[in-house]
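Next comes entry37.pdb, a file with PDB, C-alpha atoms, pLDDT in the B column.
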ATOM      1  CA  MET A1325      -2.423  -4.934-120.585  1.00 44.00           C
ATOM      2  CA  ALA A1326      -2.327  -8.450-121.909  1.00 43.00           C
ATOM      3  CA  HIS A1327       0.800  -9.362-119.952  1.00 59.00           C
ATOM      4  CA  ILE A1328       2.312  -7.366-117.162  1.00 77.00           C
ATOM      5  CA  PHE A1329       5.475  -9.230-116.274  1.00 80.00           C
ATOM      6  CA  HIS A1330       7.486 -11.536-118.510  1.00 79.00           C
ATOM      7  CA  LYS A1331       8.779 -14.924-117.382  1.00 89.00           C
ATOM      8  CA  GLY A1332      12.095 -13.568-116.088  1.00 89.00           C
ATOM      9  CA  GLU A1333      10.439 -10.842-114.018  1.00 79.00           C
ATOM     10  CA  GLN A1334       8.004 -13.368-112.589  1.00 84.00           C
ATOM     11  CA  GLU A1335      10.879 -15.709-111.740  1.00 88.00           C
ATOM     12  CA  ALA A1336      12.775 -12.889-109.979  1.00 87.00           C
ATOM     13  CA  GLN A1337       9.666 -11.858-108.017  1.00 85.00           C
ATOM     14  CA  THR A1338       9.146 -15.432-106.870  1.00 86.00           C
ATOM     15  CA  ARG A1339      12.834 -15.929-106.055  1.00 89.00           C
ATOM     16  CA  TRP A1340      13.087 -12.744-103.994  1.00 90.00           C
ATOM     17  CA  GLU A1341       9.553 -13.023-102.592  1.00 86.00           C
ATOM     18  CA  THR A1342       7.910  -9.892-103.984  1.00 84.00           C
ATOM     19  CA  SER A1343       5.113 -11.533-106.016  1.00 83.00           C
ATOM     20  CA  GLN A1344       2.602 -10.774-103.284  1.00 81.00           C
ATOM     21  CA  LEU A1345       3.288  -7.031-103.659  1.00 81.00           C
ATOM     22  CA  TRP A1346       1.851  -6.982-107.174  1.00 77.00           C
ATOM     23  CA  ASP A1347      -1.869  -7.420-106.620  1.00 77.00           C
ATOM     24  CA  LYS A1348      -4.337  -6.035-109.179  1.00 76.00           C
ATOM     25  CA  SER A1349      -4.706  -2.700-107.397  1.00 76.00           C
ATOM     26  CA  ARG A1350      -0.947  -2.035-107.287  1.00 71.00           C
ATOM     27  CA  LYS A1351      -0.541  -3.020-110.927  1.00 71.00           C
ATOM     28  CA  GLU A1352      -3.276  -0.581-111.939  1.00 71.00           C
ATOM     29  CA  GLN A1353      -1.737   2.174-109.814  1.00 71.00           C
ATOM     30  CA  LEU A1354       1.889   1.745-110.926  1.00 71.00           C
ATOM     31  CA  LEU A1355       1.832   0.206-114.393  1.00 77.00           C
ATOM     32  CA  TRP A1356       0.116   2.135-117.184  1.00 82.00           C
ATOM     33  CA  ASN A1357      -0.181   1.432-120.909  1.00 89.00           C
ATOM     34  CA  SER A1358      -0.403   5.123-121.875  1.00 91.00           C
ATOM     35  CA  ILE A1359       0.870   8.511-120.722  1.00 94.00           C
ATOM     36  CA  PRO A1360      -1.633  10.036-118.284  1.00 92.00           C
ATOM     37  CA  PRO A1361      -2.600  13.623-119.185  1.00 93.00           C
ATOM     38  CA  GLU A1362      -1.301  14.919-115.848  1.00 90.00           C
ATOM     39  CA  ILE A1363       2.225  13.870-116.894  1.00 91.00           C
ATOM     40  CA  HIS A1364       2.184  15.470-120.359  1.00 94.00           C
ATOM     41  CA  SER A1365       3.514  18.843-119.210  1.00 92.00           C
ATOM     42  CA  LYS A1366       6.336  17.234-117.214  1.00 91.00           C
ATOM     43  CA  LEU A1367       7.505  15.354-120.292  1.00 94.00           C
ATOM     44  CA  ASN A1368       7.098  18.367-122.557  1.00 93.00           C
ATOM     45  CA  ASN A1369       9.339  20.304-120.154  1.00 93.00           C
ATOM     46  CA  ALA A1370      11.912  17.567-119.579  1.00 94.00           C
ATOM     47  CA  PRO A1371      15.336  18.927-120.546  1.00 93.00           C
ATOM     48  CA  PHE A1372      16.831  15.448-120.994  1.00 94.00           C
ATOM     49  CA  PHE A1373      16.265  11.723-120.656  1.00 97.00           C
ATOM     50  CA  PHE A1374      18.159   8.466-121.051  1.00 97.00           C
ATOM     51  CA  LEU A1375      17.380   6.207-124.014  1.00 98.00           C
ATOM     52  CA  ALA A1376      18.102   2.469-123.881  1.00 98.00           C
ATOM     53  CA  THR A1377      18.207   0.499-127.124  1.00 98.00           C
ATOM     54  CA  SER A1378      19.588  -2.833-128.302  1.00 97.00           C
ATOM     55  CA  ASP A1379      20.448  -4.367-131.619  1.00 95.00           C
ATOM     56  CA  ASP A1380      18.906  -7.491-133.132  1.00 95.00           C
ATOM     57  CA  LYS A1381      21.229  -9.696-131.028  1.00 96.00           C
ATOM     58  CA  GLY A1382      20.400  -7.967-127.733  1.00 93.00           C
ATOM     59  CA  ASN A1383      23.607  -5.921-127.441  1.00 94.00           C
ATOM     60  CA  CYS A1384      22.597  -2.883-125.408  1.00 95.00           C
ATOM     61  CA  ASP A1385      23.333   0.817-125.522  1.00 96.00           C
ATOM     62  CA  CYS A1386      22.148   3.649-123.289  1.00 96.00           C
ATOM     63  CA  SER A1387      22.409   7.259-124.422  1.00 95.00           C
ATOM     64  CA  PHE A1388      21.825  10.637-122.850  1.00 95.00           C
ATOM     65  CA  LYS A1389      19.333  12.647-124.916  1.00 95.00           C
ATOM     66  CA  GLY A1390      19.372  16.343-124.133  1.00 92.00           C
ATOM     67  CA  GLY A1391      18.193  19.548-125.693  1.00 90.00           C
ATOM     68  CA  GLY A1392      16.370  21.429-122.957  1.00 90.00           C
ATOM     69  CA  PRO A1393      12.643  21.885-122.425  1.00 90.00           C
ATOM     70  CA  GLY A1394      10.793  21.159-125.660  1.00 90.00           C
ATOM     71  CA  LEU A1395      12.999  18.146-126.413  1.00 93.00           C
ATOM     72  CA  ILE A1396       9.894  15.944-126.125  1.00 95.00           C
ATOM     73  CA  ILE A1397       6.566  16.544-127.815  1.00 95.00           C
ATOM     74  CA  ILE A1398       3.571  14.539-126.659  1.00 96.00           C
ATOM     75  CA  ILE A1399       1.579  13.524-129.735  1.00 95.00           C
ATOM     76  CA  ASP A1400      -1.177  11.775-127.782  1.00 96.00           C
ATOM     77  CA  ASP A1401      -1.469   9.498-124.740  1.00 95.00           C
ATOM     78  CA  ASN A1402       0.227   6.683-126.658  1.00 96.00           C
ATOM     79  CA  HIS A1403       2.951   8.493-128.617  1.00 97.00           C
ATOM     80  CA  PHE A1404       5.702  11.020-128.081  1.00 97.00           C
ATOM     81  CA  ALA A1405       8.472  12.287-130.334  1.00 97.00           C
ATOM     82  CA  PHE A1406      11.917  13.787-129.930  1.00 97.00           C
ATOM     83  CA  GLN A1407      14.481  15.257-132.265  1.00 94.00           C
ATOM     84  CA  ASP A1408      17.687  13.422-133.032  1.00 93.00           C
ATOM     85  CA  TYR A1409      20.606  15.784-132.535  1.00 88.00           C
ATOM     86  CA  ASP A1410      23.734  14.965-134.484  1.00 78.00           C
ATOM     87  CA  GLY A1411      26.454  13.823-132.122  1.00 80.00           C
ATOM     88  CA  ASN A1412      29.573  11.977-133.131  1.00 84.00           C
ATOM     89  CA  GLY A1413      27.968  10.401-136.197  1.00 84.00           C
ATOM     90  CA  ALA A1414      28.112   6.847-134.818  1.00 86.00           C
ATOM     91  CA  PHE A1415      24.280   6.599-134.673  1.00 91.00           C
ATOM     92  CA  MET A1416      24.418   3.876-132.042  1.00 93.00           C
ATOM     93  CA  SER A1417      20.853   4.473-130.799  1.00 96.00           C
ATOM     94  CA  LEU A1418      19.376   4.998-134.261  1.00 96.00           C
ATOM     95  CA  GLY A1419      21.286   2.041-135.678  1.00 96.00           C
ATOM     96  CA  ASN A1420      19.837  -0.132-132.944  1.00 97.00           C
ATOM     97  CA  ILE A1421      16.325   1.201-133.601  1.00 98.00           C
ATOM     98  CA  LEU A1422      16.715   0.269-137.281  1.00 97.00           C
ATOM     99  CA  LEU A1423      17.349  -3.340-136.202  1.00 97.00           C
ATOM    100  CA  ASN A1424      15.166  -3.513-133.076  1.00 98.00           C
ATOM    101  CA  PRO A1425      12.442  -0.938-132.350  1.00 98.00           C
ATOM    102  CA  ASN A1426      12.196  -1.738-128.617  1.00 98.00           C
ATOM    103  CA  VAL A1427      13.295   1.205-126.446  1.00 98.00           C
ATOM    104  CA  GLY A1428      13.336   2.161-122.798  1.00 97.00           C
ATOM    105  CA  CYS A1429      13.259   5.821-121.760  1.00 98.00           C
ATOM    106  CA  LEU A1430      14.162   7.039-118.288  1.00 96.00           C
ATOM    107  CA  PHE A1431      13.180  10.543-117.189  1.00 95.00           C
ATOM    108  CA  ILE A1432      14.614  11.860-113.912  1.00 92.00           C
ATOM    109  CA  ASP A1433      13.861  15.161-112.222  1.00 87.00           C
ATOM    110  CA  PHE A1434      16.840  15.686-109.938  1.00 86.00           C
ATOM    111  CA  SER A1435      15.148  18.679-108.275  1.00 85.00           C
ATOM    112  CA  ASN A1436      12.538  16.491-106.570  1.00 85.00           C
ATOM    113  CA  GLY A1437      13.629  12.892-107.226  1.00 82.00           C
ATOM    114  CA  GLU A1438      10.703  12.006-109.473  1.00 85.00           C
ATOM    115  CA  ARG A1439      11.425   9.479-112.171  1.00 89.00           C
ATOM    116  CA  LEU A1440       9.405   7.884-114.911  1.00 92.00           C
ATOM    117  CA  ARG A1441      10.136   4.970-117.210  1.00 93.00           C
ATOM    118  CA  ILE A1442       8.497   4.613-120.592  1.00 96.00           C
ATOM    119  CA  ASN A1443       8.983   1.496-122.688  1.00 95.00           C
ATOM    120  CA  GLY A1444       7.771   1.158-126.232  1.00 97.00           C
ATOM    121  CA  LYS A1445       8.607   0.784-129.882  1.00 98.00           C
ATOM    122  CA  ALA A1446      10.420   3.533-131.765  1.00 98.00           C
ATOM    123  CA  LYS A1447      10.522   4.497-135.407  1.00 98.00           C
ATOM    124  CA  ILE A1448      12.668   7.027-137.200  1.00 98.00           C
ATOM    125  CA  VAL A1449      10.816   9.682-139.201  1.00 97.00           C
ATOM    126  CA  GLU A1450      12.630  11.783-141.815  1.00 96.00           C
ATOM    127  CA  GLN A1451       9.769  13.407-143.691  1.00 94.00           C
ATOM    128  CA  GLY A1452       6.068  14.201-143.457  1.00 93.00           C
ATOM    129  CA  LYS A1453       3.815  16.336-141.307  1.00 92.00           C
ATOM    130  CA  MET A1454       5.362  15.131-138.028  1.00 90.00           C
ATOM    131  CA  MET A1455       8.584  16.922-138.996  1.00 93.00           C
ATOM    132  CA  LYS A1456       6.797  20.301-138.665  1.00 92.00           C
ATOM    133  CA  ASN A1457       6.926  19.865-134.876  1.00 92.00           C
ATOM    134  CA  PHE A1458      10.731  20.091-135.063  1.00 93.00           C
ATOM    135  CA  PRO A1459      11.493  22.705-137.763  1.00 90.00           C
ATOM    136  CA  ASN A1460      15.291  22.243-137.905  1.00 89.00           C
ATOM    137  CA  ALA A1461      15.414  18.484-137.408  1.00 93.00           C
ATOM    138  CA  LYS A1462      16.955  16.126-139.929  1.00 94.00           C
ATOM    139  CA  ARG A1463      15.052  13.273-138.320  1.00 96.00           C
ATOM    140  CA  ILE A1464      12.876  12.569-135.312  1.00 97.00           C
ATOM    141  CA  ILE A1465      12.083   9.481-133.316  1.00 98.00           C
ATOM    142  CA  VAL A1466       8.464   8.632-132.556  1.00 98.00           C
ATOM    143  CA  VAL A1467       7.847   6.259-129.642  1.00 98.00           C
ATOM    144  CA  ASN A1468       4.701   4.152-129.478  1.00 97.00           C
ATOM    145  CA  VAL A1469       4.178   3.796-125.723  1.00 96.00           C
ATOM    146  CA  GLU A1470       3.607   0.301-124.345  1.00 94.00           C
ATOM    147  CA  LEU A1471       4.360   0.688-120.631  1.00 91.00           C
ATOM    148  CA  VAL A1472       4.663   3.700-118.327  1.00 91.00           C
ATOM    149  CA  VAL A1473       6.084   3.136-114.855  1.00 88.00           C
ATOM    150  CA  PRO A1474       6.349   5.936-112.302  1.00 85.00           C
ATOM    151  CA  ASN A1475       9.076   5.132-109.797  1.00 75.00           C
ATOM    152  CA  CYS A1476       9.616   6.283-106.260  1.00 71.00           C
ATOM    153  CA  SER A1477      12.232   8.913-105.539  1.00 65.00           C
ATOM    154  CA  GLN A1478      14.238   6.664-103.225  1.00 71.00           C
ATOM    155  CA  HIS A1479      17.966   6.694-104.010  1.00 74.00           C
ATOM    156  CA  ILE A1480      17.703   9.635-106.463  1.00 76.00           C
ATOM    157  CA  PRO A1481      20.092  12.402-105.415  1.00 73.00           C
ATOM    158  CA  LEU A1482      18.594  15.880-105.243  1.00 73.00           C
ATOM    159  CA  LEU A1483      20.660  18.257-107.370  1.00 81.00           C
ATOM    160  CA  GLU A1484      20.385  21.935-108.142  1.00 79.00           C
ATOM    161  CA  PRO A1485      20.920  23.119-111.714  1.00 77.00           C
ATOM    162  CA  VAL A1486      23.918  25.324-112.370  1.00 78.00           C
ATOM    163  CA  ALA A1487      23.932  27.928-115.134  1.00 75.00           C
ATOM    164  CA  SER A1488      26.336  26.926-117.868  1.00 69.00           C
TER     165      SER A1488
END
What's the structure tokens form of this structure?
Amino acid sequence: MAHIFHKGEQEAQTRWETSQLWDKSRKEQLLWNSIPPEIHSKLNNAPFFFLATSDDKGNCDCSFKGGGPGLIIIIDDNHFAFQDYDGNGAFMSLGNILLNPNVGCLFIDFSNGERLRINGKAKIVEQGKMMKNFPNAKRIIVVNVELVVPNCSQHIPLLEPVAS
């Protein structure tokens, strides 16, 4: 990774005295630039995630993306895709992606508290061989992974699924 933390993150770490926590070993352990193979099945089975986007002026939006296991397809260690399900037709996330491809994805497993953040650049795909992975999709989003951050389970409530 060419740069790990941007200027603002570095400033916050200095201000709140956590810079010393981020030695080379910890960075290598907790900050990845691809999706490790041992995580592929967890993502492929994720029933939902949260997608953060922003427009070209930095106005943010965060959306719940659900669909059950199979929502995500891992293409390779550096790319994953998911189907866009029609919602209310506002296309807030997709509209933002059209203006600014930067996205943040948050996966949480409430059964054990595990969470994973994936940041990258997204593109909207409406035709081509990638569409075969999602037979009924009108469009899919492909994310080029730039940063993968596993987080601790602290402060994540443990919840049990309820049949709907």
re atom CA of A:Asn1426 and atom CA of A:Ser1343: distance 25.6 Å
Q) Can you list, as an MDAnalysis selection string, the residues that the PyMOL selection byres ((chain A and resi 1444) around 12) selects here? A) chainID A and resid 1356:1359 1375:1377 1402:1405 1421 1424:1430 1441:1443 1445:1447 1465:1473
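Proximity of A:Leu1482, A:Asp1433, A:Met1455, A:Asn1420 to A:Ser1378, computed with only C-alpha atoms, is greatest for A:Asn1420.
Relative to atom CA of A:Pro1485, atom CA of A:Lys1389 is found at 16.9 Å.
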Centre, x/y/z edge lengths, axis-aligned box for stretch 1423-1435 of chain A with 6 Å per side, as AutoDock Vina command-line options:
--center_x 14.8 --center_y 7.6 --center_z -122.2 --size_x 17.2 --size_y 34.2 --size_z 39.9
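Comparing A:Asn1436, A:Gln1478, A:Gln1407, A:Ser1387 by their smallest distance to A:Lys1456, the closest is A:Gln1407 (using only C-alpha atoms).
Nearest residue to A:Phe1374 among A:Asn1475, A:Thr1338, A:Ser1417, A:Gln1344 is A:Ser1417, counting all atoms listed in the file.
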Min atom-atom distance to A:Lys1366 from the set A:Glu1438, A:Glu1341, A:Glu1333, A:Asp1410, counting all atoms listed in the file, belongs to A:Glu1438
With N, CA and C atoms as the goal, would you fill in the gaps in stretch 1421-1440 of chain A and present it as a compact mmCIF listing (two decimals), in the coordinates of the input?
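New file result_24.txt:
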# COMPACT_ATOMS: atom_id res chain seq x y z
N ILE A 1421 17.76 1.09 -133.30
CA ILE A 1421 16.32 1.20 -133.60
C ILE A 1421 16.02 0.65 -134.99
N LEU A 1422 16.92 0.83 -135.94
CA LEU A 1422 16.72 0.27 -137.28
C LEU A 1422 16.64 -1.26 -137.25
N LEU A 1423 17.35 -1.88 -136.31
CA LEU A 1423 17.35 -3.34 -136.20
C LEU A 1423 16.32 -3.87 -135.20
N ASN A 1424 16.03 -3.07 -134.17
CA ASN A 1424 15.17 -3.51 -133.08
C ASN A 1424 14.45 -2.29 -132.53
N PRO A 1425 13.14 -2.16 -132.74
CA PRO A 1425 12.44 -0.94 -132.35
C PRO A 1425 12.18 -0.79 -130.85
N ASN A 1426 12.47 -1.80 -130.05
CA ASN A 1426 12.20 -1.74 -128.62
C ASN A 1426 13.12 -0.74 -127.93
N VAL A 1427 12.52 0.19 -127.16
CA VAL A 1427 13.30 1.20 -126.45
C VAL A 1427 12.79 1.32 -125.01
N GLY A 1428 13.68 1.80 -124.17
CA GLY A 1428 13.34 2.16 -122.80
C GLY A 1428 13.80 3.58 -122.57
N CYS A 1429 12.94 4.42 -122.01
CA CYS A 1429 13.26 5.82 -121.76
C CYS A 1429 13.14 6.08 -120.27
N LEU A 1430 14.15 6.72 -119.71
CA LEU A 1430 14.16 7.04 -118.29
C LEU A 1430 14.25 8.55 -118.12
N PHE A 1431 13.24 9.12 -117.48
CA PHE A 1431 13.18 10.54 -117.19
C PHE A 1431 13.40 10.72 -115.69
N ILE A 1432 14.33 11.60 -115.32
CA ILE A 1432 14.61 11.86 -113.91
C ILE A 1432 14.58 13.36 -113.68
N ASP A 1433 13.86 13.77 -112.65
CA ASP A 1433 13.86 15.16 -112.22
C ASP A 1433 14.70 15.21 -110.95
N PHE A 1434 15.94 15.67 -111.08
CA PHE A 1434 16.84 15.69 -109.94
C PHE A 1434 16.49 16.77 -108.92
N SER A 1435 15.54 17.65 -109.24
CA SER A 1435 15.15 18.68 -108.28
C SER A 1435 14.21 18.13 -107.21
N ASN A 1436 13.47 17.06 -107.55
CA ASN A 1436 12.54 16.49 -106.57
C ASN A 1436 12.60 14.96 -106.49
N GLY A 1437 13.46 14.34 -107.29
CA GLY A 1437 13.63 12.89 -107.23
C GLY A 1437 12.62 12.08 -108.03
N GLU A 1438 11.69 12.75 -108.69
CA GLU A 1438 10.70 12.01 -109.47
C GLU A 1438 11.39 11.35 -110.67
N ARG A 1439 10.93 10.16 -110.98
CA ARG A 1439 11.42 9.48 -112.17
C ARG A 1439 10.28 8.73 -112.83
N LEU A 1440 10.44 8.52 -114.12
CA LEU A 1440 9.40 7.88 -114.91
C LEU A 1440 10.09 7.06 -115.99
